[in-house]
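Right, one structure below, let's go through it.
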Amino acid sequence: MRYNYGEIEKKWQKFWDENDTFKARGDQSMPKFYGLVEFPYPSGHGLHVGHPRGYTAIDIIARKKRLEGYNVLFPMGWDAFGLPTENYAIANKIHPAVVTSDNIKNFKRQLKMLGFSFDWSREVNTTDPAYYKWTQWIFLKLFERGLAYKTKMPINFCTGCKVGLANEEVVGGVCERCGSEVVQREKSQWMLKITAYAQRLIDDLDGLDYIEKVKVQQRNWIGRSEGAEVKFALRGTDDAVTVYTTRPDTLFGATYMVLSPEHPYLEKYRERIKNYDEVSEYRARAAKKSEFERTEIAKEKTGVALEGLTAVNPVNGKEIPVWISDYVLVTYGTGAIMAVPAHDTRDWEFANKFGLPIIEVVSGGGDVQKEAYTDVADGIMVNSGFLDGMAAKDASAAMIRFLEENGLGVKRVNYKLRDWVFSRQRYWGEPIPLVCCDKCGYVPLPESELPLTLPETEDFAPGGDGESPLAALTDWVNTVCPKCGGAARRETDTMPQWAGSSWYFLRYTDPANNDFLAGMDALKYWLPVDWYNGGMEHTTLHLLYSRFWHKFLYDLGAVPTKEPYQKRTSHGMILGENGEKMSKSRGNVVNPDDIVRDFGADTFRTYEMFIGAFDQATPWSMQGVKGCFKFLERVWGLQAIMTDGAEYSPALESAVHKTVKKVTEDIDRMKFNTAVAALMSLLNEVTKAGSITKGEYSALLVLLNPFAPHITEEIWQRIGNKGTITDGAWVTFDPAKTRDGEIEIVVQINGKVKDKLVVGADEDTETVKAKALAREKVRELLDGGEIVKVIVIPGRLVNIVARG
RNA sequence: GCUCGAGUGGCGGAAUUGGCAGACGCCUUGGACUUAAAAUCCAAUGUCGGCAACGACGUACCGGUUCGAGUCCGGUCUCGAGCACCA
């Protein structure tokens with residue numbers, strides 16, 4: 001009987017569908033497990049082999065949890081608004097809803113073909129009005145609470161197409177489609193005040209079981225720093241330039257100031273700035289650069305001195321020049337800095353290039369005329385008036401006290417985190433449910449009018465001059481103000497794709513609810529998500545946005561937990577066979593359909609888990625796929641050498657117990673590759689033994705089931721077991737039977753392995769030491785040399801340290 | 001540039017706490033089976049030297065700590081991810 005994966009997989013997938021095998025139970029007395037994977041963006045390319053890596057991992061955990069007696073929620077849905085669908089729709093003149101629906105059909109077919117244990121009855125789709133009704137509702141609540149506001153923000157503007165562009169559509173400073181120059185242009189945008197939650201987003205990480213690198217990335221992205229806001233008076237005006245600095249200790253060393261090219265004072269003091277033309281030309285150049293081009297340290301600094309403006313250092317009354325430079329960003333701090341070239345690398349480079357004075361105020365480094373000294377730890381203050389002689393690490397606090405006492409500045413906590421730009425001038429997104437009335441300003445739609453559905457149109461292309469395509473639909477745009485009844489216009493911007501994905505995990509708990517985003521009963525039972533796996537690339541944006549929304553909903557009383565996800569893990573990328581990122585242009589894309597056709601879903605799943613360390617990027621290998629296929633074929637072949645009996649045989653008992661322990665622990669730690677290796681080793685032992693009992697075979701099948709669910713159910717049935725593996729229980733092990741009575745240990749001389757020795761597992765160190773020293777080979781090698789000491793590591797080794 | 005990772009045989013990788021480096025799989029080579037090939041099974045497989053026993057070297061590079069370092073510390077190089085309008 002050959003292993004006919006095609007037939008077997010079809011058979012079991014049908015069985016699971018017909019029996020609702022993986023439907024989450026309504027029984028709230030059971031312990032629950034909510035496993036979550038990032039729902040995919042259903043692109044036209046179909047499933048990428050990268051998607052199933054994380055899905056298989058959580059599927060394995062979900063399947064094991066079910067066998068361990070948990071009520072498991074493992075749902076799937078579609079994050080379906082977004083740019084690529086819209087662009088495809090524009091290019092091919094097909095409605096994005098049609099494109100989306102086709103893509104979802106294909107994705108769903110592919111996911112079903114891989115045998116994931118999703119509860120398909122809870123499928124959600126962010127583009128479904130019944131879903132985005134609640135996305136809009138959340139926005140209205142944010143608006144009500146003052147957390148949504150409008151402000152001018154720079155956008156990428158294509159000078160050819162006359163439309164706003166996403167960063168991704170800007171390649172090398174030009175428009176991806178038409179090749180025209182892209183400039184930064186101010187546009188009024190809806191913003192969400194995520195910064196109001198910055199501190200809570202940092203603090204609440206402590207109680208979460210996120211992998212460490214994710215926590216670190218989130219903390220650094222939020223970027224909390226402590227420092228001071230200091231006012232530098234502008235000579236000849238009543239104004240002062242406020243700067244934020246994390247190094248108030250170095251204030252005496254501030255020898256010039258730098259404003260960002262977008263700083264409002266440039267307009268305000270236009271008359272005083274004698275070289276305004278030069279300044280304005282510099283600003284135009286800066287507008288063409290993206291932010292990280294501007295802050296690149298390796299690149300030569302540029303800037304222009306503002307002739308006619310002079311600032312005063314508040315601590316020593318010295319006049320210092322004011323410059324503008326694009327390395328200062330208007331979006332961070334106050335958009336202006338005090339420059340201390342002696343103790344900041346970027347300031348040093350700038351001062352060095354433009355011949356500005358460099359004054360040392362922290363001693364302990366080298367010559368500050370040659371290199372900036374940025375270390376605080378061991379420095380002593382010099383040239384700093386009342387701070388002189390103080391340890392640099394104490395000087396910041398002393399300076400802040402001085403500034404506050406004299407009204408020159410205040411202590412200030414600052415965050416790198418910026419508010420969330422929430423509007424897009426695009427068609428394929430949730431309409432923002434606001435109306436703009438000349439009398440009343442922005443007025444929210446009443447809840448009863450939600451969802452505000454996307455209006456029908458033939459033309460999804462962005463409007464000219466950077467407007468949303470919705471702006472052209474005057475019948476839709478012109479409406480009445482819900483407040484005063486007067487003529488008003490609808491907001492024509494839509495929400496970014498991030499909106500729908502910020503709360504989807506809530507909807508899964510109660511997807512058909514018409515009265516609320518999800519019922520409190522369901523939320524209380526299922527939240528928080530117990531285990532959320534996704535790509536490292538979502539660590540800072542999606543993960544932070546959804547934590548922010550969740551906290552906001554918690555404050556509203558709409559959800560019962562402060563945090564959405566208790567545990568967060570991350571998988572590595574799957575690369576092409578040549579070790580490069582998979583892409584059409586590189587021609588190294590692997591299609592899951594081909595692999596399933598040629599080897600089956602079980603092989604595909606097993607290979608994706610065996611491919612390498614789960615959290616590391618790994619290249620695909622067709623040979624590796626074949627190896628896993630061979631492994632499953634051999635497991636199938638064991639039917640021929642199976643003997644009856646539920647017991648474990650003496651030959652294999654210990655190996656089975658060890659494997660159960662290993663696989664159980666490895667799955668919990670996401671060491672899927674070594675779990676598969678352990679199962680392969682057990683198979684090798686069985687092959688050596690020449691036979692396997694039904695009991696041993698059954699244990700092997702349960703362990704392998706989460707990885708390869710179809711073949712294991714099929715064999716389970718064929719060897720005459722009752723029911724299905726899925727309805728049964730996980731296997732257990734006896735710790736006593738995983739330990740060996742005798743172990744081989746190593747004898748080292750000066751750290752080099754020289755001999756091996758078999759000892760009892762319980763023998764005490766003195767006996768082991770004596771046995772090692774008594775070995776003939778050891779005595780020969782020592783040959784009269786002096787033994788300095790002997791180190792015995794129980795169960796591992798004896799190391800004899802000798803001289804001579 | 002900033003933040004976070006990673007570098008181990010021909011290849012993917014393994015090595016819970018510092019304790020036999022290379023588990024498991026792939027590739028390759030030899031053998032069995034076959035008219036033959038494929039498939040399958042058995043064996044070898046880090047490098048160098050040696051018939052062998054065995055010896056030396058070996059975890060990106062330089063240095064340090066330790067009886068002992070892939071693992072810890074300091075520095076360097078290379079590669080990958082993210083950088084706020086791709087998702």
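Following the order of the structure tokens, first chain is A, next is B, and so on, with residues numbered from 1 inside each chain and ligands from 1 in the order they appear.
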For region 24-35 of chain B, please output as a PyMOL selection string all residues within 10 Å (counting only C-alpha atoms (C1' of nucleotides); exclusion window: fewer than 5 positions along the same chain). (chain A and resi 607+610-611+621-628+631+673-681) or (chain B and resi 10-14+40-45)
Compute the set of chain A residues within 7 Å of chain B, using only C-alpha atoms (C1' of nucleotides), and express it as an MDAnalysis selection string. chainID A and resid 41 165:168 213 217 220 295:298 537 611:612 623:624 627 677 680 746 750:751 753 796:797 799 801
Please report, as a PyMOL selection string, each residue of region 78-308 of chain A to which DSSP assigns strand (DSSP E) when run on this structure's backbone. chain A and resi 78+124-125+148-158+164-165+170-171+174-175+182-192+209-210+224-234+240-245+256-259+304-308
Can you tell me, as a PyMOL selection string, what residues are no more than 10 Å from Val731 (chain A) when counting only C-alpha atoms (C1' of nucleotides), ignoring any on the same chain fewer than 3 positions away? chain A and resi 64+67-68+657+660-661+664+698-703+728
Hey, what's within 6 Å of region 188-200 of chain A if we count only C-alpha atoms (C1' of nucleotides) and toss same-chain stuff fewer than 2 positions away? As number ranges by chain, please? A: 147-152, 202-204, 419-423
Expected file contents, prior selection, C-alpha atoms, as a compact mmCIF listing (two decimals), in the first residue's frame:
```
# COMPACT_ATOMS: atom_id res chain seq x y z
CA LEU A 147 -7.60 61.76 20.20
CA ALA A 148 -8.21 62.44 16.50
CA TYR A 149 -7.21 65.83 15.17
CA LYS A 150 -6.29 67.48 11.92
CA THR A 151 -2.93 69.05 11.17
CA LYS A 152 -0.65 69.87 8.28
CA ILE A 202 6.14 51.22 27.62
CA ASP A 203 5.08 50.39 31.18
CA ASP A 204 2.64 47.62 30.34
CA ASP A 419 1.31 60.70 16.30
CA TRP A 420 -0.21 58.39 13.74
CA VAL A 421 -0.99 59.89 10.32
CA PHE A 422 -4.41 58.38 9.84
CA SER A 423 -5.76 59.71 6.54
```
In Å and to one decimal, CA of Met609 (chain A) is distant from CA of Phe672 (chain A) by 5.4 Å
